[in-house]
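Trainee: Quick one: the structure is below, and I'll ask about it shortly.
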Amino acid sequence: MDEVIRRLRSGNWVSGEAIARELNVSRSAIWKHVLNLKEAGFEIQSSSRGYKLSSIPDNFYPPTIKFFLETRFLGQRIDYHFRLPSSQDRAKILAEKGAKEGLLVICEEQSGGRGRRGRRWVSTSYKSLTFSLLFRPSLSPWQMMQFPLMASLALSDVLSSHYRLCAHLKWPNDVLIGRRKVAGILAEMSGDAESINYIVLGVGININMEEEDFPDELKTIATSLLMEIGKKINRVRFLGRFLKRLEEYYLLYVEEGFSPIREKILAISSTVGSEVVAYQGEGRLEGKAVDIDSQGNLVVIDSSGSKHVLCCGDVTIRDKGK
Ligand code: BTN
């Protein structure tokens, strides 16, 4: 399947006979893969020259996702549902049953999408991208907050490198374009005081949503790729790019720790250097955000010069920031 996909991606005519010969499989095995892709919504021409791809769908069927996947393990196992209450909950159930690291749970519709701090996450069928990923890193629970920071870095990298958008991060893990939120990340963990058993990383991205798709309270603070770029984006191509970048950062993180990730985050953080209001539990703090430290905490200096180190919470930026 991977080989058939790799060749079709080129957009050229691909000879089924030649692939079958090279891979030492029957021509009907190749035809089955082509049929699989057609059933997933790919338009593939057939002629005496072989097969040629003429259009790519934008759905979350596993063959479509595999078409765009260039990872070693992230997303290689896919649990797709048209509708779920929340991909987070489904991923947790599978994690408890022993699912392997890299599992992707993805759906077209979420009836009970969750955001951070108990908020709901609004998504629109056929326009949003909502999924959860399972990780089983050897980390201590105190490192947990570095995880969504790493994921938001990967996301903003994809936005800038592939879509030429000037994305930046609002601590702890909002991805913004200008001052509007384009994506949210929710990391939930299971473990004990010493070690993490697994992390479910939930990602919601506003890909092709239009202003009218957002509820009134979000209309002035949310945006989408379509609203920023002015054209529709294939959600699965975006997913493939994100998973590739996230896997690269994850492997870097596992190998070298948080330090190289932190450097990159500081370069695109809209929080550090800004006057902020931080909310943690019931508490409210005003001051200047001066750093994201080696653990991933936000360091804020208040008007009396006292230093506060925040490990979680929400932040509002008061000035224009970087
Ligand atoms: C936030 O910004 O508050 C985080 C939002 C995370 C939303 C995603 S969508 C996929 C996954 N499933 C959920 O129920 N939530 C996360």
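Ordering of the structure tokens sets the chain letters (A, B, ...); residue numbers start at 1 within each chain; ligands are numbered from 1 in the order shown.
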If you count only C-alpha atoms and all ligand atoms, which residues end up within 8 Å of ligand 1, as a PyMOL selection string?

Mentor: chain A and resi 85-89+106+110+112-117+119-121+123+129-132+173-174+183-186+201-205

Trainee: Go ahead and save the picked residues with C-alpha atoms, as a short mmCIF file (atom, residue, chain, number, x, y, z; two decimals), in the first residue's frame.

Mentor:
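What landed in again_39.cif:
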```
data_model
loop_
_atom_site.label_atom_id
_atom_site.label_comp_id
_atom_site.auth_asym_id
_atom_site.auth_seq_id
_atom_site.Cartn_x
_atom_site.Cartn_y
_atom_site.Cartn_z
CA PRO A 85 -18.21 12.44 22.15
CA SER A 86 -14.51 13.37 22.42
CA SER A 87 -11.43 11.88 20.76
CA GLN A 88 -9.66 12.35 24.12
CA ASP A 89 -11.96 9.92 25.90
CA ILE A 106 -9.64 11.03 14.75
CA GLN A 110 -17.25 15.69 18.32
CA GLY A 112 -18.57 16.88 23.61
CA GLY A 113 -15.20 18.31 22.57
CA ARG A 114 -13.24 19.47 25.63
CA GLY A 115 -10.86 22.37 25.97
CA ARG A 116 -8.51 23.31 28.78
CA ARG A 117 -9.88 24.29 32.18
CA ARG A 119 -14.17 24.66 28.60
CA ARG A 120 -15.90 23.19 25.58
CA TRP A 121 -14.16 22.97 22.21
CA SER A 123 -15.61 22.33 15.92
CA LEU A 129 -9.44 19.04 12.34
CA THR A 130 -9.86 17.33 15.72
CA PHE A 131 -7.81 14.38 16.90
CA SER A 132 -5.93 12.83 19.81
CA ASN A 173 -0.26 26.17 24.49
CA ASP A 174 -2.43 28.36 22.32
CA ALA A 183 -5.65 25.99 17.38
CA GLY A 184 -5.83 24.57 20.87
CA ILE A 185 -3.94 21.75 22.54
CA LEU A 186 -4.97 19.68 25.51
CA LEU A 201 -2.49 14.88 23.35
CA GLY A 202 -5.65 16.42 21.91
CA VAL A 203 -5.40 18.90 19.08
CA GLY A 204 -8.15 21.06 17.60
CA ILE A 205 -7.35 23.20 14.56
#
```

Trainee: Report as a VMD selection string all protein, DNA and RNA residues lying within 9 Å of Trp13 of chain A, evaluated on only C-alpha atoms, omitting residues in the same chain fewer than 6 positions from it.

Mentor: chain A and resid 7 45 to 46 49 to 53

Trainee: Taking the DSSP assignment computed from this structure's backbone, write out as a VMD selection string all residues of segment 23-251 of chain A that belong to strand (DSSP E or B).

Mentor: chain A and resid 43 to 47 50 to 55 78 to 84 104 to 110 114 120 128 to 135 167 to 170 174 to 177 180 to 191 196 to 206 222

Trainee: So, counting only C-alpha atoms, which residue among A:Trp171, A:Tyr61, A:Tyr163, A:Phe147 is closest to Leu134 of chain A?

Mentor: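 Checking each of A:Trp171, A:Tyr61, A:Tyr163, A:Phe147 against Leu134 of chain A, counting only C-alpha atoms, the winner is A:Phe147.
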
Trainee: Using only C-alpha atoms, pick whichever of A:Ile30, A:Val277, A:Cys311, A:Leu225 has the shortest atom-to-atom distance to Met144 of chain A.

Mentor: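 When distances to Met144 of chain A are compared using only C-alpha atoms, the smallest one comes from A:Cys311.
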
Trainee: If we count only C-alpha atoms, what is near Glu275 of chain A at a cut-off of 12 Å, once residues fewer than 3 positions away on the same chain are taken out, given as number ranges by chain?

Mentor: A: 270-272, 278, 285-290, 299-303, 315-322

Trainee: Save out the residues we just selected, N, CA and C atoms, as a short mmCIF file (atom, residue, chain, number, x, y, z; two decimals), in the first residue's frame.

Mentor:
```
data_model
loop_
_atom_site.label_atom_id
_atom_site.label_comp_id
_atom_site.auth_asym_id
_atom_site.auth_seq_id
_atom_site.Cartn_x
_atom_site.Cartn_y
_atom_site.Cartn_z
N SER A 270 4.60 34.88 22.01
CA SER A 270 4.07 36.24 22.09
C SER A 270 3.87 36.63 23.55
N THR A 271 4.08 35.68 24.45
CA THR A 271 3.85 35.94 25.87
C THR A 271 5.07 36.58 26.52
N VAL A 272 6.24 35.99 26.26
CA VAL A 272 7.45 36.52 26.91
C VAL A 272 7.76 37.91 26.35
N ALA A 278 -2.38 36.93 34.44
CA ALA A 278 -2.36 35.47 34.52
C ALA A 278 -3.41 35.01 35.53
N LEU A 285 -3.03 37.54 38.58
CA LEU A 285 -1.72 38.18 38.75
C LEU A 285 -1.45 39.07 37.54
N GLU A 286 -1.02 40.31 37.81
CA GLU A 286 -0.64 41.20 36.69
C GLU A 286 0.85 41.41 36.72
N GLY A 287 1.47 41.44 35.58
CA GLY A 287 2.90 41.68 35.56
C GLY A 287 3.46 41.52 34.17
N LYS A 288 4.81 41.47 34.13
CA LYS A 288 5.46 41.28 32.83
C LYS A 288 6.00 39.86 32.74
N ALA A 289 5.64 39.17 31.66
CA ALA A 289 6.18 37.82 31.46
C ALA A 289 7.61 37.97 30.98
N VAL A 290 8.56 37.36 31.70
CA VAL A 290 9.97 37.58 31.34
C VAL A 290 10.66 36.32 30.80
N VAL A 299 7.54 32.70 33.77
CA VAL A 299 8.07 33.54 34.85
C VAL A 299 7.51 34.96 34.66
N VAL A 300 6.85 35.45 35.70
CA VAL A 300 6.21 36.78 35.64
C VAL A 300 6.75 37.64 36.77
N ILE A 301 7.09 38.90 36.45
CA ILE A 301 7.52 39.85 37.48
C ILE A 301 6.38 40.85 37.69
N ASP A 302 5.90 41.00 38.91
CA ASP A 302 4.79 41.94 39.15
C ASP A 302 5.32 43.35 39.39
N SER A 303 4.40 44.31 39.62
CA SER A 303 4.81 45.72 39.70
C SER A 303 5.71 46.01 40.91
N VAL A 315 -3.41 32.90 30.41
CA VAL A 315 -2.76 34.21 30.35
C VAL A 315 -3.47 35.08 29.32
N THR A 316 -3.66 36.35 29.65
CA THR A 316 -4.15 37.31 28.66
C THR A 316 -3.03 38.30 28.43
N ILE A 317 -2.77 38.58 27.18
CA ILE A 317 -1.69 39.53 26.87
C ILE A 317 -2.28 40.93 26.81
N ARG A 318 -1.62 41.87 27.53
CA ARG A 318 -2.22 43.21 27.63
C ARG A 318 -1.69 44.16 26.58
N ASP A 319 -0.42 44.00 26.17
CA ASP A 319 0.05 44.88 25.11
C ASP A 319 0.18 44.07 23.82
N LYS A 320 0.79 44.66 22.81
CA LYS A 320 0.82 43.98 21.52
C LYS A 320 1.81 42.81 21.49
N GLY A 321 2.72 42.79 22.45
CA GLY A 321 3.69 41.70 22.48
C GLY A 321 4.63 41.78 21.31
N LYS A 322 5.34 40.66 21.11
CA LYS A 322 6.33 40.64 20.02
C LYS A 322 5.64 40.51 18.69
#
```

Trainee: Within 12 Å of segment 249-253 of chain A, which residues of segment 19-136 of chain A come that close, and what is the closest atom pair and distance in Å for each? Count only C-alpha atoms and give it as a Markdown table.

Mentor:
```
| residue | atom | partner | partner_atom | distance |
| --- | --- | --- | --- | --- |
| A:Thr71 | CA | A:Leu251 | CA | 11.5 |
| A:Arg72 | CA | A:Leu251 | CA | 10.6 |
| A:Phe73 | CA | A:Leu251 | CA | 10.9 |
| A:Leu74 | CA | A:Tyr250 | CA | 9.9 |
| A:Glu101 | CA | A:Tyr250 | CA | 11.8 |
| A:Gly102 | CA | A:Tyr250 | CA | 11.0 |
| A:Phe135 | CA | A:Tyr250 | CA | 9.6 |
| A:Arg136 | CA | A:Tyr250 | CA | 11.2 |
```

Trainee: Per residue of segment 90-206 of chain A within 12 Å of segment 257-262 of chain A, note the shortest atom pair and the distance in Å to one decimal, counting only C-alpha atoms, and order the rows by chain and increasing residue number, as a Markdown table.

Mentor:
```
| residue | atom | partner | partner_atom | distance |
| --- | --- | --- | --- | --- |
| A:Pro137 | CA | A:Gly257 | CA | 11.8 |
| A:Ser138 | CA | A:Gly257 | CA | 11.4 |
| A:Leu139 | CA | A:Gly257 | CA | 10.1 |
| A:Gln143 | CA | A:Phe258 | CA | 8.8 |
| A:Met144 | CA | A:Phe258 | CA | 11.0 |
| A:Met145 | CA | A:Phe258 | CA | 10.6 |
| A:Gln146 | CA | A:Phe258 | CA | 7.1 |
| A:Phe147 | CA | A:Phe258 | CA | 9.1 |
| A:Pro148 | CA | A:Ile261 | CA | 11.4 |
| A:Leu149 | CA | A:Ile261 | CA | 8.5 |
| A:Met150 | CA | A:Ile261 | CA | 6.5 |
| A:Ala151 | CA | A:Ile261 | CA | 10.0 |
| A:Ser152 | CA | A:Ile261 | CA | 10.7 |
| A:Leu153 | CA | A:Ile261 | CA | 7.9 |
| A:Ala154 | CA | A:Ile261 | CA | 9.7 |
| A:Asp157 | CA | A:Ile261 | CA | 11.8 |
| A:Leu169 | CA | A:Arg262 | CA | 11.8 |
| A:Trp171 | CA | A:Arg262 | CA | 11.9 |
```

Trainee: Please extract the residues of segment 61-309 of chain A with a backbone DSSP assignment of helix (DSSP H, G or I) and present them as JSON, numbers by chain.

Mentor: {"A": [62, 63, 64, 65, 66, 67, 68, 87, 88, 89, 90, 91, 92, 93, 94, 95, 96, 116, 117, 118, 141, 142, 143, 146, 147, 148, 149, 150, 151, 152, 153, 154, 155, 156, 157, 158, 159, 160, 161, 162, 163, 211, 212, 213, 216, 217, 218, 225, 226, 227, 228, 229, 235, 236, 237, 238, 239, 240, 241, 242, 243, 244, 245, 246, 247, 248, 249, 250, 251, 252, 253, 254, 255, 256, 259, 260, 261, 262, 263, 264, 265, 266, 267, 268]}

Trainee: Between A:Gly296, A:Pro172, A:Gly41, A:Pro141, which residue has the minimum interatomic distance to Gly191 of chain A, considering only C-alpha atoms?

Mentor: A:Pro141

Trainee: Quick one: everything within 10 Å of Cys166 of chain A, counting only C-alpha atoms, minus sequence neighbours fewer than 3 positions away in the same chain. Send it as a PyMOL selection string.

Mentor: chain A and resi 156-157+159-161+163+176-178+268

Trainee: Taking only C-alpha atoms into account, which of A:Ser48, A:Ser125, A:Ser140, A:Ser190 comes nearest Phe82 of chain A?

Mentor: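 Closest to Phe82 of chain A of all the choices is A:Ser125.
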
Trainee: One number please: atom CA of Met189 of chain A to atom CA of Ile93 of chain A, in Å, one decimal.

Mentor: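 These two atoms are separated by 12.6 Å.
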